[in-house]
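Visitor: Enclosed is the structure file entry_31.pdb (PDB, C-alpha atoms).
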```pdb
MODEL        1
ATOM      1  CA  MET A 580       9.140  -7.993  65.797
ATOM      2  CA  SER A 581       8.421 -10.559  63.128
ATOM      3  CA  MET A 582       4.667 -10.117  63.673
ATOM      4  CA  LYS A 583       4.921  -6.387  62.907
ATOM      5  CA  THR A 584       6.993  -7.011  59.778
ATOM      6  CA  ASN A 585       4.484  -9.524  58.428
ATOM      7  CA  SER A 586       1.604  -7.141  59.077
ATOM      8  CA  LYS A 587       3.368  -4.378  57.127
ATOM      9  CA  LYS A 588       3.937  -6.716  54.169
ATOM     10  CA  ALA A 589       0.299  -7.722  54.233
ATOM     11  CA  LYS A 590      -0.682  -4.079  53.818
ATOM     12  CA  THR A 591       1.485  -3.594  50.720
ATOM     13  CA  LYS A 592       0.187  -6.589  48.800
ATOM     14  CA  LYS A 593      -3.210  -8.104  48.167
ATOM     15  CA  GLN A 594      -3.889 -11.750  47.319
ATOM     16  CA  ASN A 595      -6.595 -12.769  44.873
ATOM     17  CA  ILE A 596      -7.492 -16.116  43.315
ATOM     18  CA  ASN A 597      -7.016 -16.315  39.546
ATOM     19  CA  GLU A 598      -8.828 -18.574  37.056
ATOM     20  CA  ASN A 599      -6.511 -21.514  37.792
ATOM     21  CA  GLY A 600      -7.253 -21.344  41.528
ATOM     22  CA  GLU A 601      -3.780 -20.022  42.336
ATOM     23  CA  PRO A 602      -3.123 -17.018  44.596
ATOM     24  CA  GLU A 603      -2.424 -13.816  42.707
ATOM     25  CA  ILE A 604      -0.374 -11.062  44.288
ATOM     26  CA  ARG A 605      -1.027  -7.463  43.307
ATOM     27  CA  TYR A 606       1.282  -4.720  44.504
ATOM     28  CA  LYS A 607       0.159  -1.154  44.831
ATOM     29  CA  LYS A 608       1.497   1.199  42.162
ATOM     30  CA  LYS A 609       4.057   3.626  43.439
ATOM     31  CA  ARG A 610       3.018   7.212  42.864
ATOM     32  CA  ARG A 611       5.561   9.533  41.317
ATOM     33  CA  THR A 612       6.625  12.489  43.378
ATOM     34  CA  LEU A 613       6.345  16.091  42.216
ATOM     35  CA  GLY A 614      10.111  16.257  41.662
ATOM     36  CA  GLU A 615      10.059  13.203  39.387
ATOM     37  CA  ARG A 616       7.232  14.688  37.328
ATOM     38  CA  LEU A 617       9.072  17.994  36.974
ATOM     39  CA  SER A 618      12.338  16.319  35.949
ATOM     40  CA  SER A 619      10.588  14.139  33.334
ATOM     41  CA  SER A 620       8.769  17.213  31.993
ATOM     42  CA  LEU A 621      12.075  19.090  31.685
ATOM     43  CA  PHE A 622      13.593  16.254  29.684
ATOM     44  CA  LEU A 623      10.547  15.913  27.399
ATOM     45  CA  GLY A 624       9.985  19.666  27.055
ATOM     46  CA  PRO A 625      12.522  20.422  24.275
ATOM     47  CA  SER A 626      11.303  17.519  22.129
ATOM     48  CA  PHE A 627       7.671  18.504  22.673
ATOM     49  CA  LEU A 628       8.371  22.131  21.728
ATOM     50  CA  GLY A 629      10.310  21.032  18.650
ATOM     51  CA  VAL A 630       7.461  18.830  17.435
ATOM     52  CA  MET A 631       4.929  21.593  18.044
ATOM     53  CA  LEU A 632       7.070  24.260  16.353
ATOM     54  CA  PHE A 633       8.167  22.328  13.264
ATOM     55  CA  PHE A 634       5.283  19.882  12.699
ATOM     56  CA  VAL A 635       2.003  20.683  14.459
ATOM     57  CA  VAL A 636       1.914  24.466  14.034
ATOM     58  CA  PRO A 637       2.944  24.398  10.320
ATOM     59  CA  PHE A 638       0.266  21.769   9.663
ATOM     60  CA  PHE A 639      -2.457  24.053  11.029
ATOM     61  CA  VAL A 640      -0.990  26.946   9.032
ATOM     62  CA  ILE A 641      -1.306  24.825   5.876
ATOM     63  CA  ILE A 642      -4.933  24.037   6.728
ATOM     64  CA  TYR A 643      -5.556  27.792   7.083
ATOM     65  CA  TYR A 644      -3.881  28.597   3.751
ATOM     66  CA  ALA A 645      -5.899  25.881   1.993
ATOM     67  CA  GLY A 646      -9.136  27.585   3.026
ATOM     68  CA  ILE A 647      -8.450  31.179   1.881
ATOM     69  CA  ASP A 648      -8.270  32.793  -1.543
ATOM     70  CA  SER A 649      -4.913  34.566  -1.061
ATOM     71  CA  ILE A 650      -2.458  35.627   1.613
ATOM     72  CA  ILE A 651      -3.413  39.278   1.071
ATOM     73  CA  GLY A 652      -7.206  38.964   0.796
ATOM     74  CA  LYS A 653      -7.594  36.145   3.361
ATOM     75  CA  ASN A 654     -11.180  35.486   2.304
ATOM     76  CA  PHE A 655     -12.524  32.063   3.232
ATOM     77  CA  VAL A 656     -13.356  30.059   0.104
ATOM     78  CA  GLY A 657     -14.229  26.670   1.597
ATOM     79  CA  MET A 658     -13.340  23.726  -0.665
ATOM     80  CA  ASP A 659     -12.599  25.799  -3.789
ATOM     81  CA  ASN A 660      -8.833  25.293  -3.532
ATOM     82  CA  TYR A 661      -9.251  21.515  -3.245
ATOM     83  CA  LYS A 662     -11.562  21.524  -6.253
ATOM     84  CA  MET A 663      -9.006  23.557  -8.207
ATOM     85  CA  VAL A 664      -6.281  21.026  -7.358
ATOM     86  CA  PHE A 665      -8.385  18.048  -8.453
ATOM     87  CA  GLU A 666      -9.190  19.790 -11.746
ATOM     88  CA  ASN A 667      -5.509  20.523 -12.395
ATOM     89  CA  THR A 668      -4.114  18.327 -15.174
ATOM     90  CA  ALA A 669      -0.572  18.392 -13.797
ATOM     91  CA  PHE A 670      -1.763  17.221 -10.371
ATOM     92  CA  ARG A 671      -3.755  14.333 -11.840
ATOM     93  CA  GLN A 672      -0.775  13.275 -13.935
ATOM     94  CA  ALA A 673       1.576  13.497 -10.945
ATOM     95  CA  ALA A 674      -0.822  11.557  -8.693
ATOM     96  CA  LYS A 675      -1.239   8.834 -11.308
ATOM     97  CA  ASN A 676       2.541   8.468 -11.827
ATOM     98  CA  THR A 677       3.251   8.431  -8.093
ATOM     99  CA  ALA A 678       0.525   5.836  -7.408
ATOM    100  CA  THR A 679       1.725   3.635 -10.274
ATOM    101  CA  PHE A 680       5.325   3.821  -9.119
ATOM    102  CA  SER A 681       4.457   2.997  -5.491
ATOM    103  CA  LEU A 682       2.015   0.183  -6.339
ATOM    104  CA  ILE A 683       4.664  -1.576  -8.432
ATOM    105  CA  SER A 684       7.943  -0.771  -6.689
ATOM    106  CA  VAL A 685       6.829  -1.314  -3.063
ATOM    107  CA  PRO A 686       5.549  -4.917  -3.525
ATOM    108  CA  LEU A 687       8.631  -5.713  -5.622
ATOM    109  CA  SER A 688      10.851  -4.340  -2.866
ATOM    110  CA  ILE A 689       9.150  -6.526  -0.252
ATOM    111  CA  VAL A 690       9.155  -9.739  -2.307
ATOM    112  CA  LEU A 691      12.699  -9.446  -3.674
ATOM    113  CA  SER A 692      14.265  -8.481  -0.341
ATOM    114  CA  LEU A 693      12.448 -11.373   1.378
ATOM    115  CA  LEU A 694      13.723 -13.813  -1.252
ATOM    116  CA  MET A 695      17.254 -12.465  -0.775
ATOM    117  CA  ALA A 696      16.955 -12.900   2.998
ATOM    118  CA  ILE A 697      15.767 -16.505   2.594
ATOM    119  CA  VAL A 698      18.659 -17.297   0.246
ATOM    120  CA  LEU A 699      21.232 -15.742   2.570
ATOM    121  CA  GLU A 700      19.657 -17.528   5.549
ATOM    122  CA  ALA A 701      20.768 -20.831   4.045
ATOM    123  CA  ASP A 702      24.303 -22.103   4.477
ATOM    124  CA  ILE A 703      25.793 -20.948   1.175
ATOM    125  CA  PRO A 704      29.439 -20.093   0.387
ATOM    126  CA  LEU A 705      30.536 -16.444   0.447
ATOM    127  CA  LYS A 706      27.391 -15.444   2.342
ATOM    128  CA  SER A 707      29.075 -12.515   4.102
ATOM    129  CA  TYR A 708      30.363 -11.145   0.784
ATOM    130  CA  PHE A 709      26.896 -11.263  -0.749
ATOM    131  CA  ARG A 710      25.483  -9.458   2.286
ATOM    132  CA  THR A 711      28.106  -6.726   1.970
ATOM    133  CA  PHE A 712      27.447  -6.430  -1.765
ATOM    134  CA  PHE A 713      23.723  -5.897  -1.264
ATOM    135  CA  LEU A 714      24.308  -3.347   1.494
ATOM    136  CA  SER A 715      26.850  -1.303  -0.459
ATOM    137  CA  PRO A 716      24.204   0.955  -2.153
ATOM    138  CA  LEU A 717      23.322   2.364   1.281
ATOM    139  CA  MET A 718      26.805   3.864   1.503
ATOM    140  CA  VAL A 719      26.673   5.519  -1.939
ATOM    141  CA  PRO A 720      25.699   9.244  -1.913
ATOM    142  CA  VAL A 721      22.745  10.372  -4.007
ATOM    143  CA  ALA A 722      24.981  12.388  -6.346
ATOM    144  CA  SER A 723      27.076   9.308  -7.081
ATOM    145  CA  VAL A 724      23.955   7.244  -7.740
ATOM    146  CA  VAL A 725      22.748   9.855 -10.230
ATOM    147  CA  LEU A 726      26.144   9.850 -11.946
ATOM    148  CA  ILE A 727      26.113   6.047 -12.235
ATOM    149  CA  TRP A 728      22.625   6.042 -13.755
ATOM    150  CA  GLN A 729      23.576   8.795 -16.190
ATOM    151  CA  VAL A 730      26.600   6.802 -17.327
ATOM    152  CA  LEU A 731      24.454   3.693 -17.767
ATOM    153  CA  PHE A 732      21.226   5.061 -19.248
ATOM    154  CA  ASP A 733      22.239   8.214 -21.095
ATOM    155  CA  TYR A 734      21.556   8.319 -24.833
ATOM    156  CA  HIS A 735      25.291   7.781 -25.375
ATOM    157  CA  GLY A 736      25.656   5.628 -22.262
ATOM    158  CA  VAL A 737      26.853   2.098 -21.630
ATOM    159  CA  ILE A 738      23.463   0.402 -22.125
ATOM    160  CA  ASN A 739      22.999   1.930 -25.568
ATOM    161  CA  GLU A 740      26.589   1.069 -26.518
ATOM    162  CA  LEU A 741      25.983  -2.570 -25.617
ATOM    163  CA  ASN A 742      22.658  -2.441 -27.420
ATOM    164  CA  ALA A 743      24.370  -1.147 -30.560
ATOM    165  CA  LEU A 744      26.844  -4.067 -30.501
ATOM    166  CA  VAL A 745      23.998  -6.541 -30.954
ATOM    167  CA  GLY A 746      22.324  -4.446 -33.658
ATOM    168  CA  GLY A 747      19.840  -2.647 -31.439
ATOM    169  CA  VAL A 748      18.643   0.937 -31.647
ATOM    170  CA  SER A 749      19.718   3.577 -29.121
ATOM    171  CA  VAL A 750      17.006   4.703 -26.716
ATOM    172  CA  ASP A 751      16.793   7.919 -24.712
ATOM    173  CA  TRP A 752      15.813   6.032 -21.566
ATOM    174  CA  PHE A 753      14.813   9.045 -19.473
ATOM    175  CA  LYS A 754      12.531  10.366 -22.234
ATOM    176  CA  SER A 755      10.832   7.161 -23.283
ATOM    177  CA  GLN A 756       8.104   4.804 -22.113
ATOM    178  CA  TYR A 757      10.773   2.927 -20.136
ATOM    179  CA  SER A 758      11.728   5.926 -17.984
ATOM    180  CA  GLN A 759       9.734   4.847 -14.932
ATOM    181  CA  VAL A 760      11.124   1.302 -15.213
ATOM    182  CA  VAL A 761      14.660   2.734 -15.088
ATOM    183  CA  VAL A 762      13.820   4.685 -11.924
ATOM    184  CA  MET A 763      12.266   1.549 -10.393
ATOM    185  CA  PHE A 764      15.554  -0.272 -10.907
ATOM    186  CA  LEU A 765      17.278   2.610  -9.135
ATOM    187  CA  PHE A 766      14.789   2.459  -6.241
ATOM    188  CA  LEU A 767      15.191  -1.296  -5.820
ATOM    189  CA  TRP A 768      18.969  -1.100  -6.020
ATOM    190  CA  LYS A 769      19.017   1.469  -3.224
ATOM    191  CA  ASN A 770      16.529  -0.195  -0.863
ATOM    192  CA  LEU A 771      16.751  -3.971  -1.237
ATOM    193  CA  GLY A 772      19.810  -4.314   1.001
ATOM    194  CA  TYR A 773      18.273  -2.538   3.994
ATOM    195  CA  ASN A 774      14.998  -4.459   3.687
ATOM    196  CA  MET A 775      16.934  -7.713   3.365
ATOM    197  CA  ILE A 776      18.696  -7.107   6.703
ATOM    198  CA  LEU A 777      15.331  -6.467   8.403
ATOM    199  CA  PHE A 778      13.947  -9.740   7.059
ATOM    200  CA  MET A 779      17.068 -11.656   8.049
ATOM    201  CA  ALA A 780      16.714 -10.360  11.610
ATOM    202  CA  ALA A 781      13.017 -11.356  11.658
ATOM    203  CA  LEU A 782      13.751 -14.849  10.340
ATOM    204  CA  ALA A 783      16.429 -15.315  13.001
ATOM    205  CA  THR A 784      13.881 -14.715  15.792
ATOM    206  CA  ILE A 785      11.553 -17.574  14.732
ATOM    207  CA  PRO A 786      11.669 -20.330  17.412
ATOM    208  CA  ARG A 787      13.797 -23.192  16.127
ATOM    209  CA  ASP A 788      11.829 -25.806  18.073
ATOM    210  CA  ILE A 789       8.667 -25.032  16.072
ATOM    211  CA  LEU A 790      10.535 -25.537  12.802
ATOM    212  CA  GLU A 791      12.092 -28.771  14.057
ATOM    213  CA  VAL A 792       8.732 -30.172  15.144
ATOM    214  CA  SER A 793       7.183 -29.300  11.771
ATOM    215  CA  TRP A 794      10.114 -30.981  10.010
ATOM    216  CA  LEU A 795       9.601 -34.136  12.078
ATOM    217  CA  ASP A 796       5.917 -34.055  11.144
ATOM    218  CA  GLY A 797       6.897 -34.135   7.468
ATOM    219  CA  ALA A 798       6.487 -30.457   6.515
ATOM    220  CA  THR A 799       8.367 -29.371   3.410
ATOM    221  CA  PRO A 800      10.449 -26.138   3.385
ATOM    222  CA  PHE A 801       7.706 -24.455   1.349
ATOM    223  CA  GLN A 802       5.050 -25.486   3.882
ATOM    224  CA  GLN A 803       7.263 -24.247   6.728
ATOM    225  CA  PHE A 804       7.597 -20.891   5.015
ATOM    226  CA  ILE A 805       3.866 -20.485   4.294
ATOM    227  CA  HIS A 806       2.452 -21.739   7.595
ATOM    228  CA  ILE A 807       5.187 -20.787  10.092
ATOM    229  CA  LYS A 808       7.796 -18.295   8.882
ATOM    230  CA  LEU A 809       5.397 -16.061   6.996
ATOM    231  CA  ARG A 810       3.118 -15.765  10.028
ATOM    232  CA  PHE A 811       5.953 -14.874  12.381
ATOM    233  CA  ILE A 812       7.523 -12.248  10.101
ATOM    234  CA  THR A 813       4.203 -10.559   9.241
ATOM    235  CA  PRO A 814       4.930  -7.502  11.483
ATOM    236  CA  THR A 815       8.275  -7.068   9.708
ATOM    237  CA  ILE A 816       6.561  -7.323   6.313
ATOM    238  CA  PHE A 817       4.203  -4.489   7.251
ATOM    239  CA  PHE A 818       7.068  -2.405   8.635
ATOM    240  CA  VAL A 819       9.131  -2.910   5.475
ATOM    241  CA  GLY A 820       6.061  -2.042   3.407
ATOM    242  CA  ILE A 821       5.535   1.248   5.236
ATOM    243  CA  MET A 822       9.223   2.163   5.016
ATOM    244  CA  SER A 823       9.310   1.264   1.313
ATOM    245  CA  LEU A 824       6.202   3.357   0.708
ATOM    246  CA  ILE A 825       7.855   6.350   2.365
ATOM    247  CA  ASN A 826      11.079   5.766   0.437
ATOM    248  CA  SER A 827       9.147   5.563  -2.837
ATOM    249  CA  PHE A 828       8.228   9.226  -2.353
ATOM    250  CA  LYS A 829      11.872  10.088  -1.670
ATOM    251  CA  VAL A 830      12.900   8.882  -5.128
ATOM    252  CA  PHE A 831      12.066  12.426  -6.271
ATOM    253  CA  ARG A 832      15.621  13.447  -5.332
ATOM    254  CA  GLU A 833      17.187  11.143  -7.901
ATOM    255  CA  VAL A 834      14.549  11.901 -10.543
ATOM    256  CA  TYR A 835      14.991  15.647 -10.056
ATOM    257  CA  LEU A 836      18.782  15.433 -10.402
ATOM    258  CA  LEU A 837      18.434  13.233 -13.470
ATOM    259  CA  THR A 838      15.676  15.093 -15.334
ATOM    260  CA  GLY A 839      15.128  18.529 -13.736
ATOM    261  CA  ASP A 840      11.890  20.386 -12.918
ATOM    262  CA  TYR A 841       9.820  19.130 -15.857
ATOM    263  CA  PRO A 842      10.781  15.532 -16.726
ATOM    264  CA  TYR A 843       9.160  13.128 -19.145
ATOM    265  CA  ASP A 844       5.427  12.670 -18.488
ATOM    266  CA  SER A 845       5.740   9.284 -16.782
ATOM    267  CA  LEU A 846       8.357  10.663 -14.349
ATOM    268  CA  TYR A 847       6.391  13.731 -13.266
ATOM    269  CA  MET A 848       5.746  12.946  -9.569
ATOM    270  CA  LEU A 849       3.722  14.679  -6.858
ATOM    271  CA  GLN A 850       6.911  16.180  -5.482
ATOM    272  CA  HIS A 851       7.531  17.812  -8.865
ATOM    273  CA  PHE A 852       4.061  19.329  -8.681
ATOM    274  CA  MET A 853       4.692  20.562  -5.118
ATOM    275  CA  ASN A 854       8.089  21.994  -6.018
ATOM    276  CA  ASN A 855       6.858  23.805  -9.137
ATOM    277  CA  THR A 856       3.778  25.146  -7.322
ATOM    278  CA  PHE A 857       6.004  26.489  -4.558
ATOM    279  CA  LYS A 858       8.199  28.253  -7.123
ATOM    280  CA  SER A 859       5.116  29.952  -8.574
ATOM    281  CA  LEU A 860       4.164  31.119  -5.016
ATOM    282  CA  ASP A 861       0.692  29.571  -5.310
ATOM    283  CA  TYR A 862       0.480  28.742  -1.600
ATOM    284  CA  GLN A 863      -3.243  28.002  -1.638
ATOM    285  CA  LYS A 864      -2.949  25.303  -4.291
ATOM    286  CA  LEU A 865       0.210  23.957  -2.646
ATOM    287  CA  SER A 866      -1.458  23.728   0.770
ATOM    288  CA  ALA A 867      -4.547  21.990  -0.597
ATOM    289  CA  ALA A 868      -2.405  19.456  -2.488
ATOM    290  CA  ALA A 869      -0.304  18.808   0.635
ATOM    291  CA  ILE A 870      -3.414  18.111   2.738
ATOM    292  CA  ILE A 871      -4.831  15.764   0.092
ATOM    293  CA  MET A 872      -1.533  13.901  -0.034
ATOM    294  CA  SER A 873      -1.383  13.685   3.787
ATOM    295  CA  VAL A 874      -4.934  12.331   4.051
ATOM    296  CA  VAL A 875      -4.242   9.638   1.454
ATOM    297  CA  MET A 876      -1.034   8.594   3.225
ATOM    298  CA  ILE A 877      -2.795   8.469   6.616
ATOM    299  CA  ILE A 878      -5.572   6.280   5.179
ATOM    300  CA  VAL A 879      -3.134   3.876   3.486
ATOM    301  CA  ILE A 880      -0.874   3.539   6.529
ATOM    302  CA  GLY A 881      -3.900   3.234   8.816
ATOM    303  CA  ILE A 882      -5.260   0.330   6.741
ATOM    304  CA  LEU A 883      -1.849  -1.365   6.896
ATOM    305  CA  PHE A 884      -1.740  -0.994  10.686
ATOM    306  CA  ILE A 885      -5.257  -2.444  11.031
ATOM    307  CA  PHE A 886      -4.308  -5.520   8.994
ATOM    308  CA  GLU A 887      -1.042  -5.870  10.907
ATOM    309  CA  ASP A 888      -2.872  -5.705  14.225
ATOM    310  CA  LYS A 889      -5.372  -8.407  13.211
ATOM    311  CA  ILE A 890      -2.717 -10.750  11.834
ATOM    312  CA  GLY A 891      -0.431 -10.065  14.817
ATOM    313  CA  LYS A 892      -3.189 -11.096  17.243
ATOM    314  CA  ASP A 893      -3.740 -14.244  15.195
ATOM    315  CA  VAL A 894      -0.047 -15.132  15.466
ATOM    316  CA  GLU A 895       0.010 -14.468  19.224
ATOM    317  CA  GLY A 896      -3.056 -16.619  19.685
TER     318      GLY A 896
ENDMDL
END
```
Here is the file; what I need is its structure written in the form of structure tokens.
Guide:
Amino acid sequence: MSMKTNSKKAKTKKQNINENGEPEIRYKKKRRTLGERLSSSLFLGPSFLGVMLFFVVPFFVIIYYAGIDSIIGKNFVGMDNYKMVFENTAFRQAAKNTATFSLISVPLSIVLSLLMAIVLEADIPLKSYFRTFFLSPLMVPVASVVLIWQVLFDYHGVINELNALVGGVSVDWFKSQYSQVVVMFLFLWKNLGYNMILFMAALATIPRDILEVSWLDGATPFQQFIHIKLRFITPTIFFVGIMSLINSFKVFREVYLLTGDYPYDSLYMLQHFMNNTFKSLDYQKLSAAAIIMSVVMIIVIGILFIFEDKIGKDVEG
């Protein structure tokens, strides 16, 4: 009886010799039955149909609209719509403002939130209160945020009142050269707390024994951060960067509520251009601009993923 059992086990597993000269056991993969495949397809079906209906199909519709002259004529015009978008002054201004805002606010968001996480990682008094304070903007609705910024930065707001007390001149912040700086403060105030929590979680996963060994070898806290912590939290840095980049485009909500359809030149974002083009029913220009914006975002995020993959392999090695 035991002989038969051993022979059956020998059929289900196969021994090989690995590089270290040790036996390696490989089990055969269990094939899924037809019922299991059908049940998994039924569970995935609604999500698949939703993605196709609301994302994939509209994307191909946009590609079609970007290649025709009008919805009525439907004559193929090639790259004319893209050329028209690039020659549009409003689009160039919006692209420049959006790129400037993202290139400044996203790195600031990463650096400041990482510094906050490092400070709160230390054993300081009232640490839990500071953490709650930095997370509180996440619980504030957009309308309330807009109201707060209007109270602070309006021409007759609190900032100008304080400025007048010290002999300064009142500034219309949302219609001046400082308008984008004001919106950057708003963006950082809204997003630093969430990014800080992500960095705190990443710092907590660093093996303590590596830090202790480096401390015994005479490494300073700065050297530990540069050579150990920074390498381990690199995937989180890239994730926070991508999320901050996406959130930098979402700042249009606050800007729109603060300044309307046509704000000051430095606050005219790509979303303003998209919104105003949609109102004018110029679907061809809108579709071409949307595709250009999508391609740029795919390239930027793709480059970030390539760098993250290379650095991640270096850390694993």
Visitor: Rank A:Gln863, A:Asn774, A:Gln729, A:Asn855 by their smallest atom-to-atom distance to Leu837 in chain A, using only C-alpha atoms, and report the top residue only.
Guide: A:Gln729
Visitor: Could you jot down the CA of Leu714 in chain A to CA of Ser758 in chain A separation for me, Å, one decimal place?
Guide: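 One can read the CA of Leu714 in chain A to CA of Ser758 in chain A distance as 25.0 Å.
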Visitor: To one decimal in Å, tell me the separation between CA of Ser707 in chain A and CA of Leu767 in chain A.
Guide: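 Computing it gives 20.4 Å between the two atoms.
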Visitor: Suppose a student applies the PyMOL selection byres ((chain A and resi 645-662) around 10) to this structure; what residues should they get, written as a list in words?
Guide: Phe639, Val640, Ile641, Ile642, Tyr643, Tyr644, Met663, Val664, Phe665, Glu666, Asn667, Asp861, Tyr862, Gln863, Lys864, Leu865, Ser866, Ala867, Ala868, Ala869, Ile870 and Ile871 of chain A
Visitor: Could you tell me how far CA of Met848 in chain A lies from CA of Arg671 in chain A, in Å and to one decimal?
Guide: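 Between CA of Met848 in chain A and CA of Arg671 in chain A the gap is 9.9 Å.
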Visitor: Determine, counting only C-alpha atoms, which protein, DNA and RNA residues have an atom within 9 Å of an atom of range 763-765 of chain A; residues of the same chain fewer than 6 positions away are not included. Present the result as a list in words.
Guide: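 So, after excluding close chain neighbours, the residues are Phe680, Ile683, Ser684, Val724, Trp728, Val830 and Glu833 of chain A.
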Visitor: Pick from A:Met631, A:Leu846, A:Val879, A:Leu860: nearest to Gln759 in chain A, with only C-alpha atoms counted?
Guide: A:Leu846
Visitor: Which residue, A:Ser873, A:Ala780, A:Tyr835, A:Leu741, has the smallest gap to Asn854 in chain A when you use all atoms listed in the file?
Guide: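 Checking each of A:Ser873, A:Ala780, A:Tyr835, A:Leu741 against Asn854 in chain A, counting all atoms listed in the file, the winner is A:Tyr835.
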Visitor: Within 9 Å of range 805-821 of chain A, counting only C-alpha atoms, which residues show up once you throw out same-chain ones fewer than 6 positions away? Write them as a ChimeraX atom specification, please.
Guide: /A:685-686,688-689,693,774,777-778,781-782,784-785,789-790,793,880,883-884,886-888,890-891,893-894
Visitor: Rank A:Ser827, A:Phe712, A:Leu717, A:Phe753 by their smallest atom-to-atom distance to Tyr734 in chain A, using only C-alpha atoms, and report the top residue only.
Guide: A:Phe753
Visitor: Report as a count of residues only all protein, DNA and RNA residues lying within 8 Å of Phe828 in chain A, evaluated on only C-alpha atoms, omitting residues in the same chain fewer than 2 positions from it.
Guide: 8
Visitor: Have a look at A:Val874, A:Leu771, A:Gly797, A:Leu849 and name the one nearest to Leu687 in chain A; count all atoms listed in the file.
Guide: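 Residue with the minimum atom-to-atom distance to Leu687 in chain A: A:Leu771.
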Visitor: Give the padded box for range 740-757 of chain A as JSON: axis-aligned, covering all atoms listed in the file, 4 Å on each side, centre and edge lengths in Å to one decimal.
Guide:
```
{"center_x": 17.5, "center_y": 1.9, "center_z": -26.6, "size_x": 26.7, "size_y": 24.9, "size_z": 22.2}
```
Visitor: Name the closest residue to Ala722 in chain A among the candidates A:Val636, A:Leu694, A:Leu836, A:Ile776; distances are taken between atoms, counting all atoms listed in the file.
Guide: A:Leu836
Visitor: Do a neighbour search on range 746-749 of chain A at 12 Å with all atoms listed in the file, toss out local chain neighbours closer than 4 positions, and write the hits as a ChimeraX atom specification.
Guide: /A:732-742,755
Visitor: Select all residues near (21.0, 4.0, -3.3) (cut-off 7 Å, inclusive, file coordinates), counting all atoms listed in the file, and output them as a PDB file with C-alpha atoms, keeping the file's coordinate frame.
Guide:
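Once everything was written out, this is point18.pdb:
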```pdb
ATOM      1  CA  PRO A 716      24.204   0.955  -2.153  1.00  0.00           C
ATOM      2  CA  LEU A 717      23.322   2.364   1.281  1.00  0.00           C
ATOM      3  CA  VAL A 719      26.673   5.519  -1.939  1.00  0.00           C
ATOM      4  CA  VAL A 721      22.745  10.372  -4.007  1.00  0.00           C
ATOM      5  CA  VAL A 724      23.955   7.244  -7.740  1.00  0.00           C
ATOM      6  CA  TRP A 768      18.969  -1.100  -6.020  1.00  0.00           C
ATOM      7  CA  LYS A 769      19.017   1.469  -3.224  1.00  0.00           C
ATOM      8  CA  ASN A 770      16.529  -0.195  -0.863  1.00  0.00           C
TER       9      ASN A 770
END
```
